[in-house]
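Presented below is the structure to which this report refers.
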Amino acid sequence: MSTATTRTLTSRTLAFRTLDGSTVNLDRAEVGAALGANVLFPDTGGYAEARAIWNAMVERRPAAILRAASEPDVIKAVAFARAKRLLLAVKGGGHNIAGSALVEGGLVIDLSLMRKIVVDPAARSARVEPGATLAEVDGATQQHGLIVPTGINSTTGIAGLTLGGGFGWTTRKLGLTIDNLKSARVVTADGEIRQVDRERHPDLYWAIRGGGGNFGVVTEFEFALHPLGPEVVAGLVVHPFDEVGPVLEQYQAALARASDDLTCWAVMRKAPPLPFLPSEWHGREVLVLAMCHVGPRAEAEAATADLRKIGKPIADVVGPMPFVGWQQALDPLLTPGARNYWKSHDVAAFGEEAVEILRDGVATLPTEECEIFIGHVGGAMTRVPAAATAWPNRAPHFVVNVHTRWREAKDDDRCRAWARRLHERLAPHAMGSVYVNFIPDDEARVNDAYGRNFERLASVKRRFDPANLFRTNQNIAPR
Ligand SMILES: Cc1cc2nc3c(=O)[nH]c(=O)nc-3n(C[C@H](O)[C@H](O)[C@H](O)COP(=O)(O)OP(=O)(O)OC[C@H]3O[C@@H](n4cnc5c(N)ncnc54)[C@H](O)[C@@H]3O)c2cc1C
């Protein structure tokens with residue numbers, strides 16, 4: 001146990017880590033008076049739950065966690081952290097792979113109590129508080145036959161996903177989540193609330209669309225909504241992994257012909273014991289094509305046929321289902337509580353050499369739960385200029401995510417080494433860019449994530465957060 005933690009537990013004084021790396025002792029009563037009744041300390045009930053995040057590998061003990069119930073709570077916490085120069089973290093859904101929602105010895109603003117969603121079907125817009133999950137956003141908007149384009153795992157927080165960019169089954173048709181962000185309310189480092197949109201604080205509005213949590217705490221997002229569902233045609237086609245070469249080749253060709261209504265991602269892993277898979281395949285290496293057609297129902301059969309006729313699949317379970325059901329279909333493979341380490345590349349195309357590397361990677365999967373995940377983005381997101389938002393890579397591409405997942409700390413080194421090795425070998429076949437939300441905590445690739453947008457981000461950061469109060473994230477230092 002660290003000295004800071006010991007002191008936190010044993011005295012009325014709390015030891016906080018500060019922005020300059022030193023420690024400051026604050027009276028517990030003073031912290032309580034400044035932050036209000038919802039503040040939690042390591043020895044108060046609810047602290048353990050508030051400290052829980054998706055990636056169990058990240059172990060950090062904040063000195064205090066404020067469960068913010070409203071925007072004024074957020075303002076108070078930002079003002080207190082600024083005045084005392086405390087290390088500060090912001091927790092939305094707690095899913096970030098780097099565990100950036102927590103900071104050792106610092107103050108955390110936990111937004112999970114702020115999850116109100118107000119849908120205006122006539123205006124086709126929704127106002128969403130930052131503690132909401134994707135499932136809650138889908139649930140509220142689908143009541144009106146509408147959606148916000150988001151990601152593929154329903155327990156993910158809307159806040160971190162949006163601030164990093166956000167892509168999923170509807171990106172090709174409707175763009176990234178940030179392409180559908182109409183406005184936001186941001187509490188900046190000076191404690192001011194800024195309503196940002198195209199007209200008001202356009203630089204800040206630009207920066208939060210991909211620039212992560214660097215610029216302030218978003219207390220409300222306003223999204224554009226689109227009609228969709230309630231049913232889509234979606235599901236999985238499972239191939240023997242031995243066929244990876246021809247299947248990936250035909251998969252890429254089919255995607256190039258596909259309309260923006262169709263999205264298909266590929267997952268390579270050992271088959272879980274899914275009821276529709278013959279039992280002899282359980283635990284064996286497979287390549288899964290996961291697809292979703294969000295266009296007119298009458299076109300779905302023909303649209304998906306190109307992908308479904310590839311090779312000789314072991315199983316094909318593509319069919320009509322509720323969109324909200326499909327949004328949750330992969331949740332059981334991505335539950336919180338496991339140890340996780342991700343390494344990611346953007347890749348334009350998979351040639352023979354890259355496929356060989358994937359083949360080696362799958363041959364050496366360190367656990368049953370590890371996988372190589374290939375997302376695909378294109379279509380509507382490519383029609384937004386690269387300088388229009390902070391997200392820079394607007395070319396169609398694959399997002400390769402080496403998902404390393406295991407249960408025991410003793411396997412940390414072995415599992416991370418597998419991911420790093422595979423990632424290193426894929427690097428010559430990659431575009432150089434990376435999705436900021438897929439960067440683990442031991443990697444300094446923020447420059448790669450922003451490319452030509454980096455300098456502008458650093459200068460917006462200087463204007464709105466010159467002391468780098470919001471630094472517990474994939475950090476853009478002020479310049
Ligand atoms: C299982 C799983 C599946 C995923 N699938 C997808 C996917 O399909 N598509 C996709 O695009 N991404 C996906 N992601 C990545 C996801 O977008 C990021 O992990 C994102 O950071 C999660 O947001 P969060 O609010 O849950 O995380 P948190 O860990 O709570 O937040 C991450 C960071 O965002 C910032 N932040 C959060 N809330 C606020 C706020 N209100 N104001 C300011 N800053 C804030 C903070 O810096 C914080 O450290 C997935 C992640 C996981 C774990």
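We label chains A, B, ... in the order they appear in the structure tokens, count residues from 1 in each chain, and number ligands from 1 in the order shown.
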
Excluding segment 185-188 of chain A and residues on its chain fewer than 6 positions from it, collect all residues at most 8 Å away from it, counting only C-alpha atoms, and give them as JSON, numbers by chain. {"A": [74, 75, 78, 194, 195, 196, 215, 216, 217, 218, 219, 220, 221, 464, 465]}

Dump as a compact mmCIF listing (two decimals), in the first residue's frame, selection limited to all heavy atoms:
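This went into again_3.txt:
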```txt
# COMPACT_ATOMS: atom_id res chain seq x y z
N VAL A 74 -20.13 19.52 -10.80
CA VAL A 74 -18.94 19.43 -11.67
C VAL A 74 -18.14 20.73 -11.56
O VAL A 74 -16.90 20.71 -11.42
CB VAL A 74 -19.35 19.16 -13.14
CG1 VAL A 74 -18.14 19.24 -14.07
CG2 VAL A 74 -20.04 17.81 -13.26
N ILE A 75 -18.85 21.84 -11.58
CA ILE A 75 -18.17 23.14 -11.50
C ILE A 75 -17.40 23.25 -10.18
O ILE A 75 -16.24 23.67 -10.15
CB ILE A 75 -19.20 24.30 -11.63
CG1 ILE A 75 -19.80 24.26 -13.04
CG2 ILE A 75 -18.55 25.65 -11.36
CD1 ILE A 75 -21.01 25.16 -13.21
N VAL A 78 -14.25 21.04 -10.32
CA VAL A 78 -13.20 21.59 -11.19
C VAL A 78 -12.54 22.77 -10.49
O VAL A 78 -11.30 22.90 -10.46
CB VAL A 78 -13.79 22.01 -12.57
CG1 VAL A 78 -12.79 22.84 -13.37
CG2 VAL A 78 -14.22 20.77 -13.36
N ARG A 194 -19.37 26.47 -20.93
CA ARG A 194 -19.38 26.96 -22.32
C ARG A 194 -20.34 26.09 -23.12
O ARG A 194 -20.17 24.87 -23.17
CB ARG A 194 -18.01 26.86 -22.96
CG ARG A 194 -16.91 27.24 -22.01
CD ARG A 194 -16.09 28.36 -22.50
NE ARG A 194 -15.13 28.72 -21.47
CZ ARG A 194 -14.46 29.84 -21.44
NH1 ARG A 194 -14.65 30.75 -22.36
NH2 ARG A 194 -13.61 30.09 -20.47
N GLN A 195 -21.30 26.74 -23.73
CA GLN A 195 -22.17 26.05 -24.67
C GLN A 195 -21.43 26.11 -26.01
O GLN A 195 -21.12 27.19 -26.49
CB GLN A 195 -23.51 26.79 -24.75
CG GLN A 195 -24.50 26.21 -25.71
CD GLN A 195 -25.28 25.05 -25.11
OE1 GLN A 195 -25.60 25.06 -23.94
NE2 GLN A 195 -25.55 24.04 -25.92
N VAL A 196 -21.11 24.95 -26.56
CA VAL A 196 -20.31 24.98 -27.79
C VAL A 196 -21.09 24.37 -28.95
O VAL A 196 -21.79 23.36 -28.79
CB VAL A 196 -18.95 24.25 -27.62
CG1 VAL A 196 -18.18 24.80 -26.45
CG2 VAL A 196 -19.11 22.75 -27.49
N PHE A 215 -10.29 19.03 -22.78
CA PHE A 215 -10.66 20.44 -22.86
C PHE A 215 -11.66 20.88 -21.80
O PHE A 215 -12.01 22.05 -21.71
CB PHE A 215 -11.20 20.74 -24.26
CG PHE A 215 -10.19 20.40 -25.31
CD1 PHE A 215 -10.21 19.16 -25.93
CD2 PHE A 215 -9.17 21.27 -25.60
CE1 PHE A 215 -9.24 18.82 -26.85
CE2 PHE A 215 -8.18 20.95 -26.51
CZ PHE A 215 -8.21 19.71 -27.14
N GLY A 216 -12.14 19.93 -21.00
CA GLY A 216 -13.10 20.28 -19.97
C GLY A 216 -14.02 19.10 -19.73
O GLY A 216 -13.85 18.04 -20.34
N VAL A 217 -14.97 19.30 -18.83
CA VAL A 217 -15.92 18.22 -18.52
C VAL A 217 -17.22 18.50 -19.26
O VAL A 217 -17.83 19.56 -19.06
CB VAL A 217 -16.20 18.13 -17.01
CG1 VAL A 217 -17.09 16.93 -16.71
CG2 VAL A 217 -14.91 18.06 -16.22
N VAL A 218 -17.61 17.59 -20.12
CA VAL A 218 -18.87 17.77 -20.84
C VAL A 218 -20.01 17.33 -19.93
O VAL A 218 -20.01 16.21 -19.41
CB VAL A 218 -18.88 16.96 -22.16
CG1 VAL A 218 -20.25 17.08 -22.83
CG2 VAL A 218 -17.78 17.46 -23.09
N THR A 219 -20.95 18.23 -19.71
CA THR A 219 -22.07 17.90 -18.82
C THR A 219 -23.33 17.57 -19.62
O THR A 219 -24.30 17.08 -19.05
CB THR A 219 -22.37 19.08 -17.87
OG1 THR A 219 -22.52 20.26 -18.66
CG2 THR A 219 -21.24 19.25 -16.87
N GLU A 220 -23.31 17.87 -20.91
CA GLU A 220 -24.45 17.48 -21.76
C GLU A 220 -24.02 17.45 -23.22
O GLU A 220 -23.30 18.35 -23.68
CB GLU A 220 -25.60 18.48 -21.59
CG GLU A 220 -26.85 18.08 -22.36
CD GLU A 220 -27.94 19.14 -22.23
OE1 GLU A 220 -27.92 20.12 -23.02
OE2 GLU A 220 -28.79 19.00 -21.35
N PHE A 221 -24.44 16.41 -23.90
CA PHE A 221 -24.22 16.31 -25.35
C PHE A 221 -25.58 16.49 -26.04
O PHE A 221 -26.58 15.93 -25.58
CB PHE A 221 -23.72 14.91 -25.73
CG PHE A 221 -22.39 14.53 -25.12
CD1 PHE A 221 -22.33 13.86 -23.90
CD2 PHE A 221 -21.20 14.83 -25.76
CE1 PHE A 221 -21.11 13.49 -23.34
CE2 PHE A 221 -19.97 14.45 -25.21
CZ PHE A 221 -19.93 13.78 -24.00
N PHE A 464 -7.79 26.98 -23.45
CA PHE A 464 -8.84 26.58 -22.51
C PHE A 464 -8.32 25.85 -21.28
O PHE A 464 -9.03 25.73 -20.29
CB PHE A 464 -9.91 25.75 -23.23
CG PHE A 464 -10.73 26.58 -24.17
CD1 PHE A 464 -10.45 26.61 -25.53
CD2 PHE A 464 -11.76 27.38 -23.69
CE1 PHE A 464 -11.20 27.40 -26.40
CE2 PHE A 464 -12.50 28.17 -24.54
CZ PHE A 464 -12.22 28.20 -25.90
N ASP A 465 -7.09 25.31 -21.35
CA ASP A 465 -6.56 24.59 -20.18
C ASP A 465 -5.04 24.76 -20.11
O ASP A 465 -4.29 23.79 -20.22
CB ASP A 465 -6.94 23.10 -20.27
CG ASP A 465 -6.52 22.33 -19.03
OD1 ASP A 465 -6.21 22.96 -18.00
OD2 ASP A 465 -6.50 21.08 -19.09
```

Mind running chain A against ligand 1 at 6 Å and telling me each contacting residue's nearest atom pair with the distance in Å (one decimal), counting only C-alpha atoms and all ligand atoms, chain and number ascending, as JSON lines?
```
{"residue": "A:Val90", "atom": "CA", "partner": "ligand 1", "partner_atom_place_in_ligand_line": "46 (C)", "distance": 4.8}
{"residue": "A:Lys91", "atom": "CA", "partner": "ligand 1", "partner_atom_place_in_ligand_line": "30 (O)", "distance": 3.8}
{"residue": "A:Gly92", "atom": "CA", "partner": "ligand 1", "partner_atom_place_in_ligand_line": "30 (O)", "distance": 3.4}
{"residue": "A:Gly93", "atom": "CA", "partner": "ligand 1", "partner_atom_place_in_ligand_line": "26 (O)", "distance": 3.2}
{"residue": "A:Gly94", "atom": "CA", "partner": "ligand 1", "partner_atom_place_in_ligand_line": "30 (O)", "distance": 3.2}
{"residue": "A:His95", "atom": "CA", "partner": "ligand 1", "partner_atom_place_in_ligand_line": "26 (O)", "distance": 3.8}
{"residue": "A:Asn96", "atom": "CA", "partner": "ligand 1", "partner_atom_place_in_ligand_line": "19 (O)", "distance": 3.3}
{"residue": "A:Ile97", "atom": "CA", "partner": "ligand 1", "partner_atom_place_in_ligand_line": "19 (O)", "distance": 5.5}
{"residue": "A:Gly99", "atom": "CA", "partner": "ligand 1", "partner_atom_place_in_ligand_line": "29 (O)", "distance": 5.8}
{"residue": "A:Ser100", "atom": "CA", "partner": "ligand 1", "partner_atom_place_in_ligand_line": "49 (O)", "distance": 3.8}
{"residue": "A:Ala101", "atom": "CA", "partner": "ligand 1", "partner_atom_place_in_ligand_line": "49 (O)", "distance": 4.0}
{"residue": "A:Pro130", "atom": "CA", "partner": "ligand 1", "partner_atom_place_in_ligand_line": "41 (N)", "distance": 4.7}
{"residue": "A:Gly151", "atom": "CA", "partner": "ligand 1", "partner_atom_place_in_ligand_line": "8 (O)", "distance": 3.4}
{"residue": "A:Ile152", "atom": "CA", "partner": "ligand 1", "partner_atom_place_in_ligand_line": "8 (O)", "distance": 3.9}
{"residue": "A:Asn153", "atom": "CA", "partner": "ligand 1", "partner_atom_place_in_ligand_line": "3 (C)", "distance": 4.8}
{"residue": "A:Thr156", "atom": "CA", "partner": "ligand 1", "partner_atom_place_in_ligand_line": "26 (O)", "distance": 4.4}
{"residue": "A:Gly157", "atom": "CA", "partner": "ligand 1", "partner_atom_place_in_ligand_line": "26 (O)", "distance": 3.3}
{"residue": "A:Ile158", "atom": "CA", "partner": "ligand 1", "partner_atom_place_in_ligand_line": "25 (O)", "distance": 5.6}
{"residue": "A:Ala159", "atom": "CA", "partner": "ligand 1", "partner_atom_place_in_ligand_line": "38 (N)", "distance": 4.4}
{"residue": "A:Gly160", "atom": "CA", "partner": "ligand 1", "partner_atom_place_in_ligand_line": "23 (O)", "distance": 3.1}
{"residue": "A:Leu161", "atom": "CA", "partner": "ligand 1", "partner_atom_place_in_ligand_line": "17 (O)", "distance": 3.3}
{"residue": "A:Gly166", "atom": "CA", "partner": "ligand 1", "partner_atom_place_in_ligand_line": "11 (O)", "distance": 3.3}
{"residue": "A:Phe167", "atom": "CA", "partner": "ligand 1", "partner_atom_place_in_ligand_line": "11 (O)", "distance": 4.1}
{"residue": "A:Gly168", "atom": "CA", "partner": "ligand 1", "partner_atom_place_in_ligand_line": "8 (O)", "distance": 4.9}
{"residue": "A:Gly212", "atom": "CA", "partner": "ligand 1", "partner_atom_place_in_ligand_line": "35 (C)", "distance": 5.8}
{"residue": "A:Gly213", "atom": "CA", "partner": "ligand 1", "partner_atom_place_in_ligand_line": "44 (N)", "distance": 3.4}
{"residue": "A:Gly216", "atom": "CA", "partner": "ligand 1", "partner_atom_place_in_ligand_line": "43 (C)", "distance": 5.5}
{"residue": "A:Val217", "atom": "CA", "partner": "ligand 1", "partner_atom_place_in_ligand_line": "42 (N)", "distance": 3.5}
{"residue": "A:Val218", "atom": "CA", "partner": "ligand 1", "partner_atom_place_in_ligand_line": "42 (N)", "distance": 3.9}
{"residue": "A:Thr219", "atom": "CA", "partner": "ligand 1", "partner_atom_place_in_ligand_line": "41 (N)", "distance": 5.7}
{"residue": "A:Leu334", "atom": "CA", "partner": "ligand 1", "partner_atom_place_in_ligand_line": "1 (C)", "distance": 4.8}
{"residue": "A:Asn437", "atom": "CA", "partner": "ligand 1", "partner_atom_place_in_ligand_line": "18 (C)", "distance": 4.7}
{"residue": "A:Asn473", "atom": "CA", "partner": "ligand 1", "partner_atom_place_in_ligand_line": "47 (O)", "distance": 4.4}
```

Distance query segment 343-353 of chain A at most 7 Å, only C-alpha atoms, self and fewer than 5 positions along chain excluded, as a PyMOL selection string: chain A and resi 397-402+419-420+423+429-434+438-440

Restricting the output to all heavy atoms, write the selected residues as a short mmCIF file (atom, residue, chain, number, x, y, z; two decimals), in the first residue's frame.
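Result file is selection19.cif:
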```cif
data_model
loop_
_atom_site.label_atom_id
_atom_site.label_comp_id
_atom_site.auth_asym_id
_atom_site.auth_seq_id
_atom_site.Cartn_x
_atom_site.Cartn_y
_atom_site.Cartn_z
N HIS A 397 -10.98 2.79 -43.77
CA HIS A 397 -9.92 1.92 -43.25
C HIS A 397 -10.45 0.88 -42.28
O HIS A 397 -11.60 0.95 -41.84
CB HIS A 397 -8.80 2.75 -42.60
CG HIS A 397 -9.20 3.57 -41.41
ND1 HIS A 397 -9.64 4.86 -41.51
CD2 HIS A 397 -9.22 3.29 -40.09
CE1 HIS A 397 -9.92 5.34 -40.30
NE2 HIS A 397 -9.67 4.39 -39.41
N PHE A 398 -9.55 -0.05 -41.98
CA PHE A 398 -9.85 -1.06 -40.97
C PHE A 398 -9.18 -0.61 -39.66
O PHE A 398 -8.06 -0.10 -39.70
CB PHE A 398 -9.28 -2.42 -41.37
CG PHE A 398 -9.92 -2.95 -42.64
CD1 PHE A 398 -9.30 -2.78 -43.87
CD2 PHE A 398 -11.13 -3.61 -42.58
CE1 PHE A 398 -9.90 -3.25 -45.03
CE2 PHE A 398 -11.74 -4.09 -43.73
CZ PHE A 398 -11.12 -3.91 -44.96
N VAL A 399 -9.88 -0.81 -38.57
CA VAL A 399 -9.29 -0.55 -37.25
C VAL A 399 -8.96 -1.91 -36.65
O VAL A 399 -9.86 -2.65 -36.28
CB VAL A 399 -10.28 0.21 -36.34
CG1 VAL A 399 -9.66 0.48 -34.97
CG2 VAL A 399 -10.72 1.52 -37.00
N VAL A 400 -7.67 -2.23 -36.64
CA VAL A 400 -7.27 -3.54 -36.11
C VAL A 400 -7.00 -3.37 -34.62
O VAL A 400 -6.18 -2.55 -34.23
CB VAL A 400 -5.97 -4.04 -36.78
CG1 VAL A 400 -5.57 -5.39 -36.20
CG2 VAL A 400 -6.17 -4.14 -38.27
N ASN A 401 -7.69 -4.15 -33.84
CA ASN A 401 -7.51 -4.05 -32.39
C ASN A 401 -7.07 -5.41 -31.88
O ASN A 401 -7.81 -6.39 -32.00
CB ASN A 401 -8.83 -3.62 -31.76
CG ASN A 401 -8.61 -2.77 -30.54
OD1 ASN A 401 -7.47 -2.50 -30.17
ND2 ASN A 401 -9.68 -2.36 -29.90
N VAL A 402 -5.88 -5.46 -31.33
CA VAL A 402 -5.41 -6.70 -30.72
C VAL A 402 -5.98 -6.69 -29.30
O VAL A 402 -5.52 -5.95 -28.44
CB VAL A 402 -3.86 -6.75 -30.72
CG1 VAL A 402 -3.39 -8.06 -30.09
CG2 VAL A 402 -3.31 -6.59 -32.12
N ALA A 419 0.57 -9.28 -27.43
CA ALA A 419 -0.06 -8.14 -28.10
C ALA A 419 0.98 -7.21 -28.72
O ALA A 419 0.85 -6.76 -29.86
CB ALA A 419 -0.92 -7.37 -27.11
N ARG A 420 2.04 -6.96 -27.95
CA ARG A 420 3.06 -6.01 -28.44
C ARG A 420 3.77 -6.57 -29.66
O ARG A 420 4.03 -5.85 -30.62
CB ARG A 420 4.07 -5.72 -27.33
CG ARG A 420 3.48 -4.88 -26.22
CD ARG A 420 4.54 -4.54 -25.19
NE ARG A 420 3.95 -3.84 -24.06
CZ ARG A 420 4.16 -4.17 -22.80
NH1 ARG A 420 4.97 -5.16 -22.48
NH2 ARG A 420 3.59 -3.48 -21.83
N HIS A 423 1.47 -6.45 -32.67
CA HIS A 423 1.30 -5.05 -33.05
C HIS A 423 2.54 -4.54 -33.79
O HIS A 423 2.44 -3.88 -34.83
CB HIS A 423 1.05 -4.25 -31.76
CG HIS A 423 0.78 -2.80 -31.99
ND1 HIS A 423 1.71 -1.82 -31.75
CD2 HIS A 423 -0.33 -2.16 -32.43
CE1 HIS A 423 1.19 -0.64 -32.02
NE2 HIS A 423 -0.04 -0.81 -32.43
N HIS A 429 2.52 -2.63 -42.09
CA HIS A 429 1.35 -2.76 -42.97
C HIS A 429 0.25 -1.77 -42.59
O HIS A 429 -0.85 -1.83 -43.12
CB HIS A 429 0.82 -4.20 -42.89
CG HIS A 429 1.88 -5.21 -43.19
ND1 HIS A 429 2.21 -5.56 -44.48
CD2 HIS A 429 2.74 -5.87 -42.38
CE1 HIS A 429 3.20 -6.43 -44.44
NE2 HIS A 429 3.55 -6.63 -43.19
N ALA A 430 0.56 -0.89 -41.63
CA ALA A 430 -0.47 0.01 -41.10
C ALA A 430 -0.30 1.43 -41.65
O ALA A 430 0.70 1.76 -42.28
CB ALA A 430 -0.39 0.03 -39.57
N MET A 431 -1.30 2.26 -41.40
CA MET A 431 -1.32 3.62 -41.96
C MET A 431 -0.55 4.62 -41.10
O MET A 431 -0.34 5.76 -41.51
CB MET A 431 -2.76 4.10 -42.10
CG MET A 431 -3.62 3.25 -42.99
SD MET A 431 -5.39 3.65 -42.81
CE MET A 431 -5.62 4.78 -44.18
N GLY A 432 -0.24 4.25 -39.86
CA GLY A 432 0.47 5.18 -38.97
C GLY A 432 -0.46 5.87 -38.00
O GLY A 432 -0.03 6.34 -36.95
N SER A 433 -1.74 5.94 -38.34
CA SER A 433 -2.69 6.58 -37.42
C SER A 433 -3.27 5.52 -36.48
O SER A 433 -3.12 4.32 -36.71
CB SER A 433 -3.81 7.25 -38.22
OG SER A 433 -4.43 6.31 -39.08
N VAL A 434 -3.94 6.01 -35.44
CA VAL A 434 -4.53 5.08 -34.47
C VAL A 434 -5.75 5.77 -33.84
O VAL A 434 -5.77 7.00 -33.70
CB VAL A 434 -3.50 4.68 -33.38
CG1 VAL A 434 -3.02 5.87 -32.57
CG2 VAL A 434 -4.05 3.61 -32.44
N PHE A 438 -8.40 3.63 -28.38
CA PHE A 438 -7.87 2.27 -28.28
C PHE A 438 -6.40 2.27 -27.87
O PHE A 438 -5.69 1.28 -28.07
CB PHE A 438 -8.03 1.54 -29.62
CG PHE A 438 -9.46 1.16 -29.98
CD1 PHE A 438 -9.75 0.64 -31.23
CD2 PHE A 438 -10.50 1.30 -29.08
CE1 PHE A 438 -11.05 0.27 -31.58
CE2 PHE A 438 -11.81 0.94 -29.41
CZ PHE A 438 -12.08 0.42 -30.67
N ILE A 439 -5.93 3.35 -27.27
CA ILE A 439 -4.51 3.41 -26.88
C ILE A 439 -4.37 3.00 -25.41
O ILE A 439 -5.01 3.59 -24.54
CB ILE A 439 -3.96 4.85 -27.06
CG1 ILE A 439 -4.09 5.31 -28.52
CG2 ILE A 439 -2.51 4.92 -26.63
CD1 ILE A 439 -3.60 6.73 -28.76
N PRO A 440 -3.52 2.01 -25.12
CA PRO A 440 -3.35 1.60 -23.72
C PRO A 440 -2.50 2.59 -22.94
O PRO A 440 -1.93 3.53 -23.52
CB PRO A 440 -2.65 0.24 -23.84
CG PRO A 440 -1.87 0.33 -25.10
CD PRO A 440 -2.65 1.23 -26.02
#
```

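Nearest-residue note for Thr404 of chain A: choosing from A:His239, A:Arg269, A:Arg462, A:Arg51, the minimum distance belongs to A:Arg269, counting only C-alpha atoms.
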
So how many Å separate atom CA of Asp27 of chain A and atom CA of Thr13 of chain A, to one decimal? 4.7 Å

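For the pair atom CA of Tyr435 of chain A and atom CA of Pro246 of chain A, the interatomic distance is 27.3 Å.
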
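When only C-alpha atoms are used to measure the gap to Ala387 of chain A, the shortest distance among A:Glu249, A:Asp448, A:Asp203, A:Glu71 belongs to A:Asp203.
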
Neighbours of Ile372 of chain A within 12 Å (only C-alpha atoms; same-chain residues fewer than 4 positions away dropped), as a PyMOL selection string? chain A and resi 241+265-270+285-288+341-345+355+357-366+368+398-405+418-419+422-423+426

DSSP alpha helix (DSSP H) selection over segment 183-332 of chain A, as a PyMOL selection string: chain A and resi 202-208+244-257+297-308+323-327

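Nearest to Pro396 of chain A of all the residues A:Arg82, A:His376, A:Lys410, A:Lys312 is A:His376, counting only C-alpha atoms.
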